[in-house]
Amino acid sequence: MKAFITLAVVCLVASALANPLELSEEQKVKAREHIEECAKQENVPEEDVVKFRNKDVENPSKAFKCLGTCFFERAGTLKNDELQDDVVIAKLGGLVGEEKAKAVLEKCKGIKAEDRCETGYKIFQCFHAAKAAY
């Protein structure tokens, strides 16, 4: 399960950097299960869960941001509000190339905000902005 969660987060980040990745049916089922777990953990309303599933990142609520942060934390990508270099390089590097992963990591690490959910979302925004550079 931990490996799948890592894959789900990498897919979320990779979607900000590259063309959307296609998940297998099994991965989609597991992703839905994981989203539900994070939604319960973070008390996320169904409306935000639907937006998250649809990758609708316009005007995200606090709950939406916490849902995304939960993905990062469970995968080991984000720990104590800091990107974990080795995890990002290992997982993202395999999808977009090690050099791109290192460049994005360098640009996005060290981002801090007023709380863990804002930090996670700002990191996601940084990855998304990096997409424009490539």
# chains A, B, ... in the order shown; residues from 1 in each chain; ligands from 1
$ select_by_dssp --residues "stretch 47-109 of chain A" --states "helix (DSSP H, G or I)" --output "PyMOL selection string"
chain A and resi 47-53+62-75+85-96+98-108
$ residues_around --residues "stretch 117-133 of chain A" --least-positions-apart "2" --cutoff "8 Å" --atoms "only C-alpha atoms" --output "list in words"
Val13, Ala16, Leu17, Ala18, Lys62, Lys65, Cys66, Gly68, Thr69, Phe72, Leu78, Asp81, Val104, Lys107, Cys108, Lys109, Ile111, Lys112, Ala113, Glu114 and Asp115 of chain A
$ write_last_selection --atoms "N, CA and C atoms" --output "CSV table (one decimal), in the first residue's frame"
chain,number,residue,atom,x,y,z
A,13,VAL,N,2.3,14.9,-8.7
A,13,VAL,CA,3.4,15.8,-8.9
A,13,VAL,C,3.8,15.8,-10.4
A,16,ALA,N,1.8,17.7,-12.8
A,16,ALA,CA,2.2,19.1,-12.8
A,16,ALA,C,3.4,19.4,-13.7
A,17,LEU,N,4.1,18.4,-14.0
A,17,LEU,CA,5.4,18.5,-14.7
A,17,LEU,C,5.3,18.0,-16.1
A,18,ALA,N,4.4,17.1,-16.4
A,18,ALA,CA,4.4,16.4,-17.7
A,18,ALA,C,3.0,16.1,-18.1
A,62,LYS,N,-9.2,25.2,2.0
A,62,LYS,CA,-8.2,24.7,3.0
A,62,LYS,C,-8.3,23.2,3.0
A,65,LYS,N,-6.5,21.7,0.1
A,65,LYS,CA,-5.1,21.7,0.3
A,65,LYS,C,-4.6,20.7,1.2
A,66,CYS,N,-5.3,20.4,2.3
A,66,CYS,CA,-4.9,19.4,3.3
A,66,CYS,C,-5.0,18.0,2.7
A,68,GLY,N,-4.4,17.2,-0.5
A,68,GLY,CA,-3.2,17.0,-1.3
A,68,GLY,C,-2.0,16.8,-0.4
A,69,THR,N,-1.9,17.6,0.7
A,69,THR,CA,-0.8,17.5,1.6
A,69,THR,C,-0.7,16.1,2.2
A,72,PHE,N,1.1,13.8,-0.1
A,72,PHE,CA,2.6,14.0,0.0
A,72,PHE,C,3.2,13.4,1.3
A,78,LEU,N,6.8,14.5,1.6
A,78,LEU,CA,6.8,15.6,2.5
A,78,LEU,C,6.8,15.1,3.9
A,81,ASP,N,6.9,19.3,7.0
A,81,ASP,CA,6.8,20.4,6.1
A,81,ASP,C,8.0,20.6,5.2
A,104,VAL,N,13.8,20.7,-10.4
A,104,VAL,CA,12.6,21.1,-9.7
A,104,VAL,C,12.7,21.0,-8.2
A,107,LYS,N,14.5,24.1,-6.9
A,107,LYS,CA,13.6,25.3,-7.0
A,107,LYS,C,12.6,25.2,-5.9
A,108,CYS,N,12.0,24.1,-5.6
A,108,CYS,CA,10.9,24.0,-4.7
A,108,CYS,C,11.2,23.7,-3.3
A,109,LYS,N,12.4,23.2,-3.0
A,109,LYS,CA,12.6,22.8,-1.6
A,109,LYS,C,12.8,24.1,-0.8
A,111,ILE,N,10.4,25.7,0.6
A,111,ILE,CA,9.1,26.5,0.7
A,111,ILE,C,8.4,26.2,2.0
A,112,LYS,N,8.0,27.3,2.6
A,112,LYS,CA,7.3,27.2,3.9
A,112,LYS,C,6.1,28.1,3.8
A,113,ALA,N,5.1,27.8,4.6
A,113,ALA,CA,3.9,28.6,4.7
A,113,ALA,C,3.4,28.6,6.1
A,114,GLU,N,2.3,29.2,6.4
A,114,GLU,CA,1.8,29.3,7.7
A,114,GLU,C,1.4,28.0,8.4
A,115,ASP,N,1.1,27.0,7.6
A,115,ASP,CA,0.8,25.6,8.2
A,115,ASP,C,1.1,24.6,7.2
$ closest_atom_pairs --of "stretch 70-115 of chain A" --to "stretch 29-39 of chain A" --cutoff "12 Å" --atoms "only C-alpha atoms" --output "Markdown table"
| residue | atom | partner | partner_atom | distance |
| --- | --- | --- | --- | --- |
| A:Cys70 | CA | A:Cys38 | CA | 6.0 |
| A:Phe71 | CA | A:Cys38 | CA | 7.3 |
| A:Phe72 | CA | A:Cys38 | CA | 10.7 |
| A:Glu73 | CA | A:Cys38 | CA | 10.3 |
| A:Arg74 | CA | A:Cys38 | CA | 9.1 |
| A:Ala75 | CA | A:His34 | CA | 10.9 |
$ residues_around --residues "A:Phe64" --least-positions-apart "3" --cutoff "7 Å" --atoms "only C-alpha atoms" --output "ChimeraX atom specification"
/A:44,48,52,60-61,67-68
$ decode --residues "stretch 30-63 of chain A" --atoms "N, CA, C and O atoms" --output "short mmCIF file (atom, residue, chain, number, x, y, z; two decimals), in the first residue's frame"
data_model
loop_
_atom_site.label_atom_id
_atom_site.label_comp_id
_atom_site.auth_asym_id
_atom_site.auth_seq_id
_atom_site.Cartn_x
_atom_site.Cartn_y
_atom_site.Cartn_z
N LYS A 30 -7.18 1.78 -6.01
CA LYS A 30 -6.38 2.06 -4.82
C LYS A 30 -6.28 3.57 -4.56
O LYS A 30 -6.30 4.00 -3.41
N ALA A 31 -6.19 4.36 -5.62
CA ALA A 31 -6.14 5.82 -5.45
C ALA A 31 -7.42 6.33 -4.81
O ALA A 31 -7.38 7.17 -3.92
N ARG A 32 -8.57 5.81 -5.27
CA ARG A 32 -9.84 6.21 -4.67
C ARG A 32 -9.88 5.85 -3.19
O ARG A 32 -10.33 6.66 -2.36
N GLU A 33 -9.38 4.67 -2.86
CA GLU A 33 -9.34 4.26 -1.46
C GLU A 33 -8.46 5.21 -0.65
O GLU A 33 -8.81 5.61 0.46
N HIS A 34 -7.31 5.54 -1.21
CA HIS A 34 -6.39 6.44 -0.51
C HIS A 34 -6.99 7.83 -0.34
O HIS A 34 -6.86 8.44 0.73
N ILE A 35 -7.64 8.32 -1.37
CA ILE A 35 -8.29 9.63 -1.27
C ILE A 35 -9.32 9.62 -0.16
O ILE A 35 -9.41 10.56 0.63
N GLU A 36 -10.08 8.54 -0.08
CA GLU A 36 -11.10 8.43 0.97
C GLU A 36 -10.46 8.44 2.36
O GLU A 36 -10.98 9.07 3.28
N GLU A 37 -9.35 7.73 2.50
CA GLU A 37 -8.64 7.71 3.79
C GLU A 37 -8.18 9.11 4.18
O GLU A 37 -8.35 9.54 5.31
N CYS A 38 -7.58 9.81 3.23
CA CYS A 38 -7.10 11.17 3.51
C CYS A 38 -8.28 12.12 3.75
O CYS A 38 -8.19 13.01 4.60
N ALA A 39 -9.35 11.93 3.01
CA ALA A 39 -10.54 12.79 3.19
C ALA A 39 -11.07 12.64 4.61
O ALA A 39 -11.43 13.64 5.25
N LYS A 40 -11.11 11.41 5.12
CA LYS A 40 -11.56 11.18 6.50
C LYS A 40 -10.59 11.79 7.49
O LYS A 40 -10.99 12.46 8.44
N GLN A 41 -9.31 11.54 7.27
CA GLN A 41 -8.28 12.05 8.17
C GLN A 41 -8.34 13.58 8.27
O GLN A 41 -8.19 14.15 9.34
N GLU A 42 -8.56 14.22 7.13
CA GLU A 42 -8.53 15.69 7.07
C GLU A 42 -9.92 16.33 7.15
O GLU A 42 -10.03 17.55 7.04
N ASN A 43 -10.97 15.51 7.31
CA ASN A 43 -12.35 16.01 7.35
C ASN A 43 -12.69 16.85 6.12
O ASN A 43 -13.17 17.99 6.23
N VAL A 44 -12.43 16.29 4.96
CA VAL A 44 -12.63 17.00 3.70
C VAL A 44 -14.05 16.78 3.20
O VAL A 44 -14.50 15.64 3.08
N PRO A 45 -14.79 17.86 2.88
CA PRO A 45 -16.14 17.71 2.34
C PRO A 45 -16.12 17.01 0.97
O PRO A 45 -15.15 17.12 0.22
N GLU A 46 -17.20 16.33 0.66
CA GLU A 46 -17.29 15.57 -0.60
C GLU A 46 -17.03 16.47 -1.81
O GLU A 46 -16.41 16.04 -2.78
N GLU A 47 -17.50 17.70 -1.77
CA GLU A 47 -17.29 18.63 -2.89
C GLU A 47 -15.80 18.80 -3.21
O GLU A 47 -15.38 18.80 -4.36
N ASP A 48 -14.98 18.91 -2.17
CA ASP A 48 -13.54 19.05 -2.37
C ASP A 48 -12.90 17.75 -2.82
O ASP A 48 -11.94 17.76 -3.58
N VAL A 49 -13.42 16.63 -2.35
CA VAL A 49 -12.91 15.34 -2.80
C VAL A 49 -13.15 15.19 -4.30
O VAL A 49 -12.25 14.76 -5.05
N VAL A 50 -14.33 15.57 -4.76
CA VAL A 50 -14.65 15.50 -6.19
C VAL A 50 -13.72 16.42 -6.98
O VAL A 50 -13.18 16.02 -8.01
N LYS A 51 -13.51 17.64 -6.50
CA LYS A 51 -12.60 18.56 -7.17
C LYS A 51 -11.19 17.97 -7.25
O LYS A 51 -10.51 18.07 -8.27
N PHE A 52 -10.77 17.35 -6.16
CA PHE A 52 -9.43 16.75 -6.12
C PHE A 52 -9.32 15.62 -7.14
O PHE A 52 -8.34 15.55 -7.89
N ARG A 53 -10.31 14.76 -7.17
CA ARG A 53 -10.30 13.66 -8.14
C ARG A 53 -10.28 14.16 -9.58
O ARG A 53 -9.69 13.54 -10.45
N ASN A 54 -10.95 15.29 -9.82
CA ASN A 54 -11.02 15.87 -11.16
C ASN A 54 -9.84 16.80 -11.46
O ASN A 54 -9.83 17.45 -12.50
N LYS A 55 -8.91 16.89 -10.53
CA LYS A 55 -7.74 17.77 -10.66
C LYS A 55 -8.14 19.22 -10.91
O LYS A 55 -7.49 19.95 -11.66
N ASP A 56 -9.23 19.62 -10.29
CA ASP A 56 -9.73 20.99 -10.38
C ASP A 56 -9.07 21.81 -9.27
O ASP A 56 -9.55 21.84 -8.14
N VAL A 57 -7.96 22.45 -9.59
CA VAL A 57 -7.17 23.16 -8.59
C VAL A 57 -7.49 24.65 -8.50
O VAL A 57 -6.83 25.38 -7.78
N GLU A 58 -8.51 25.10 -9.21
CA GLU A 58 -8.89 26.51 -9.17
C GLU A 58 -9.56 26.82 -7.83
O GLU A 58 -10.44 26.10 -7.38
N ASN A 59 -9.15 27.86 -7.19
CA ASN A 59 -9.72 28.33 -5.92
C ASN A 59 -9.85 27.21 -4.89
O ASN A 59 -10.95 26.93 -4.41
N PRO A 60 -8.76 26.58 -4.53
CA PRO A 60 -8.84 25.46 -3.59
C PRO A 60 -9.18 25.92 -2.17
O PRO A 60 -8.72 26.97 -1.72
N SER A 61 -9.99 25.13 -1.50
CA SER A 61 -10.31 25.40 -0.11
C SER A 61 -9.17 24.90 0.77
O SER A 61 -8.27 24.18 0.31
N LYS A 62 -9.22 25.24 2.03
CA LYS A 62 -8.23 24.75 2.99
C LYS A 62 -8.28 23.22 3.04
O LYS A 62 -7.24 22.55 3.06
N ALA A 63 -9.49 22.65 3.03
CA ALA A 63 -9.64 21.19 3.08
C ALA A 63 -9.01 20.53 1.86
O ALA A 63 -8.36 19.48 1.97
#
